[in-house]
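Asker: Can you read through this structure? Questions will come right after.
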Amino acid sequence: MPAFVDKIAEALHLHKHTKHEESKPLDAPAVPAEPASTSAPAAATEDAQPAEAPVTTQPETPVFDNKKVTVFYVLGGPGAGKGTQCANLVQDFGFCHLSAGDLLRAEQNRPGSQYGEMIRTYIKEGQVVPMEVTIKLLENAMKAALEEGRSGEGWVDGKGRFLIDGFPRKMDQAVAFDEDVCESRAVLFFSTNEETMTQRLLERGKTSGREDDNEESIRKRFVTYRETTMPVIEYYGKKDKVVEIDASLTIEEVHEKAKAVVAGLLNGHPSVN
């Protein structure tokens, strides 16, 4: 892990995982091997028995059981309307909506955060913030939501349902979150063309106050999206977990399509492609 990521990890109480060593995802930081034991061996005796075979350590299980906690990733290009549609689906199905971008922006603006400027630079340049930070922020937010004792369908007996918006944006994030935090059930992929997304972002930039809603940052974000996020969508597509929704339609039309898709997924009758 780079030194500055180590510092961030320490500040956010992150723990390093070792189970990705065997098959590291793209861009995964190296994980140091476990230190060798320093305890002295037992003294040999005439009646000593052959040493028992070493116990194989089982890999860590995810923080949340995906049989109880439902996670839908919400992906699409910048300006595809993910946040708007998530807000609608929250009203329809009682999801907890977690925006990776919003969590990072909140951390960068948190008084006393010594890593705010680093996060701000990544976002402004359209780059992906180190996954250790984003994943831990999401995990903490999920724990907080589950501890609230929410009512309604999907939140009884320790259950919960989450829309995670704008994440994962890279393959290493996808693999790490699925294995360490909670395996996702499906990906809602809101697709449209870059011209439409650019127009939406520039219009939003007039009032959003976001540092990345400008032409230069938008171009960089599209490059990052094509090069790092599209492979994630293709990966889940091969696992039959992707539902593509045309986001170029009106907000109301997109909502109706998304609502029907999610209802099918929650009822065990998915329509994926």
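In the structure tokens, chains take letters A, B, ... by order of appearance, with residues numbered from 1 within each chain and ligands from 1 in the order shown.
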Give me, as a PyMOL selection string, the residues of segment 25-265 of chain A that a backbone DSSP run labels helix (DSSP H, G or I).
Answerer: chain A and resi 82-93+100-109+116-124+131-147+171-180+194-208+215-238+251-265
Asker: Quick one: residues within 10 Å of segment 147-156 of chain A, only C-alpha atoms, excluding same-chain residues fewer than 6 positions away - as a list of chain:residue names?
Answerer: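 Once the nearby chain positions are removed, what remains is A:Lys68, A:Val69, A:Thr70, A:Phe93, A:Gly94, A:Phe95, A:Cys96, A:Ala141, A:Phe162, A:Leu266.
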Asker: Would you mind exporting the chosen residues as an mmCIF file, in the first residue's frame, restricted to N, CA and C atoms?
Answerer:
data_model
loop_
_atom_site.group_PDB
_atom_site.id
_atom_site.type_symbol
_atom_site.label_atom_id
_atom_site.label_comp_id
_atom_site.auth_asym_id
_atom_site.auth_seq_id
_atom_site.Cartn_x
_atom_site.Cartn_y
_atom_site.Cartn_z
ATOM 1 N N LYS A 68 -29.144 -11.851 3.642
ATOM 2 C CA LYS A 68 -29.939 -10.902 4.411
ATOM 3 C C LYS A 68 -29.814 -9.473 3.889
ATOM 4 N N VAL A 69 -28.629 -9.144 3.435
ATOM 5 C CA VAL A 69 -28.366 -7.777 2.973
ATOM 6 C C VAL A 69 -28.289 -7.767 1.448
ATOM 7 N N THR A 70 -29.191 -7.024 0.845
ATOM 8 C CA THR A 70 -29.267 -6.943 -0.612
ATOM 9 C C THR A 70 -28.545 -5.694 -1.104
ATOM 10 N N PHE A 93 -39.173 1.405 -2.920
ATOM 11 C CA PHE A 93 -38.840 0.129 -2.283
ATOM 12 C C PHE A 93 -38.154 0.240 -0.919
ATOM 13 N N GLY A 94 -37.959 1.444 -0.416
ATOM 14 C CA GLY A 94 -37.352 1.591 0.903
ATOM 15 C C GLY A 94 -35.872 1.286 0.960
ATOM 16 N N PHE A 95 -35.175 1.464 -0.143
ATOM 17 C CA PHE A 95 -33.725 1.261 -0.140
ATOM 18 C C PHE A 95 -33.032 2.313 0.720
ATOM 19 N N CYS A 96 -31.835 1.991 1.164
ATOM 20 C CA CYS A 96 -30.895 2.985 1.647
ATOM 21 C C CYS A 96 -29.981 3.302 0.470
ATOM 22 N N ALA A 141 -21.118 3.223 6.428
ATOM 23 C CA ALA A 141 -22.466 3.751 6.178
ATOM 24 C C ALA A 141 -23.507 2.634 6.212
ATOM 25 N N PHE A 162 -29.727 -2.043 -0.132
ATOM 26 C CA PHE A 162 -28.922 -0.871 -0.451
ATOM 27 C C PHE A 162 -28.771 -0.673 -1.963
ATOM 28 N N LEU A 266 -36.217 -8.071 -6.849
ATOM 29 C CA LEU A 266 -36.550 -8.300 -5.449
ATOM 30 C C LEU A 266 -37.501 -9.479 -5.261
#
Asker: For each of A:Phe189, A:Glu234, A:Glu117, A:Lys239, take the minimum atom-to-atom distance to Gln85 of chain A, counting only C-alpha atoms, then give the residue where this is smallest.
Answerer: A:Phe189
Asker: Taking the DSSP secondary structure from the backbone, can you list the residues of segment 34-241 of chain A that are strand (DSSP E or B), as a list in words?
Answerer: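 These are the residues in question: Val69, Thr70, Val71, Phe72, Tyr73, Val74, Leu75, Gly76, Cys96, His97, Leu98, Ser99, Gly160, Arg161, Phe162, Leu163, Ile164, Asp165, Ala186, Val187, Leu188, Phe189, Phe190 and Ser191 of chain A.
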Asker: Point out the residue among A:Val90, A:Leu104, A:Met118, A:Ala186 with the least atom-to-atom distance to Lys238 of chain A, counting only C-alpha atoms.
Answerer: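 The closest residue to Lys238 of chain A is A:Ala186.
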Asker: Which residues are near segment 79-83 of chain A? Cut-off 7 Å, only C-alpha atoms, ignore same chain within fewer than 5 positions. Put them as a list in words.
Answerer: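 Selected residues are Val74, Asp165, Phe190, Ser191, Thr192, Met197, Thr198, Arg200, Leu201 and Ala247 of chain A.
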Asker: Could the residues in this selection be written to a file with N, CA, C and O atoms, as a compact mmCIF listing (two decimals), in the first residue's frame?
Answerer:
# COMPACT_ATOMS: atom_id res chain seq x y z
N VAL A 74 -25.32 0.61 -8.78
CA VAL A 74 -25.95 1.49 -9.76
C VAL A 74 -24.84 2.17 -10.54
O VAL A 74 -24.11 3.01 -10.01
N ASP A 165 -24.48 3.71 -5.41
CA ASP A 165 -24.47 4.53 -6.61
C ASP A 165 -23.05 4.99 -6.95
O ASP A 165 -22.34 5.53 -6.11
N PHE A 190 -27.40 2.29 -16.10
CA PHE A 190 -28.12 3.37 -16.80
C PHE A 190 -27.23 3.87 -17.94
O PHE A 190 -26.19 4.47 -17.71
N SER A 191 -27.65 3.59 -19.15
CA SER A 191 -26.80 3.89 -20.31
C SER A 191 -27.39 5.01 -21.17
O SER A 191 -28.60 5.11 -21.36
N THR A 192 -26.50 5.85 -21.65
CA THR A 192 -26.86 6.89 -22.61
C THR A 192 -25.57 7.37 -23.27
O THR A 192 -24.48 6.90 -22.95
N MET A 197 -25.02 13.19 -21.69
CA MET A 197 -24.46 13.32 -20.35
C MET A 197 -23.75 14.66 -20.17
O MET A 197 -23.85 15.28 -19.11
N THR A 198 -23.03 15.11 -21.21
CA THR A 198 -22.32 16.38 -21.12
C THR A 198 -23.30 17.53 -20.92
O THR A 198 -23.08 18.41 -20.07
N ARG A 200 -26.25 17.46 -19.61
CA ARG A 200 -26.83 17.38 -18.26
C ARG A 200 -25.85 17.89 -17.21
O ARG A 200 -26.22 18.62 -16.28
N LEU A 201 -24.58 17.50 -17.35
CA LEU A 201 -23.59 17.90 -16.36
C LEU A 201 -23.32 19.41 -16.38
O LEU A 201 -23.17 20.04 -15.33
N ALA A 247 -31.14 5.39 -20.29
CA ALA A 247 -31.24 6.61 -19.49
C ALA A 247 -31.40 7.86 -20.33
O ALA A 247 -31.39 8.98 -19.79
Asker: Show which residues sit within 12 Å of Phe222 of chain A, as a list of chain:residue names. Count only C-alpha atoms, and ignore same-chain residues fewer than 5 positions away.
Answerer: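 That gives A:Gly76, A:Gly77, A:Pro78, A:Gly79, A:Ala80, A:Glu125, A:Gly126, A:Gln127, A:Arg169, A:Asn193, A:Glu194, A:Glu195, A:Met197, A:Thr198, A:Leu201, A:Asp212, A:Glu215, A:Glu216, A:Ser217, A:Glu227, A:Thr228, A:Thr229, A:Met230.
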Asker: List as a ChimeraX atom specification the protein and nucleic acid residues near Gly237 of chain A, meaning an atom at most 12 Å away when only C-alpha atoms are counted, but skip any in the same chain fewer than 3 places from it.
Answerer: /A:186-189,230-234,240-244,272-273
Asker: Would you kindly return, as a ChimeraX atom specification, each protein, DNA or RNA residue with an atom no farther than 9 Å from any atom of Phe64 of chain A, considering only C-alpha atoms and excluding same-chain residues fewer than 3 positions away?
Answerer: /A:61,67-69,180-183
Asker: Which residue gives the smallest distance to Ala87 of chain A among A:Gln108, A:Ile251, A:Val261, A:Lys170, with only C-alpha atoms counted?
Answerer: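 Ranking A:Gln108, A:Ile251, A:Val261, A:Lys170 by distance to Ala87 of chain A, first place goes to A:Ile251.
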Asker: Using only C-alpha atoms, which of the listed residues (A:Thr207, A:Thr250, A:Asn140, A:Asn66) sits closest to Gly158 of chain A?
Answerer: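 Smallest separation from Gly158 of chain A among the options: A:Asn66.
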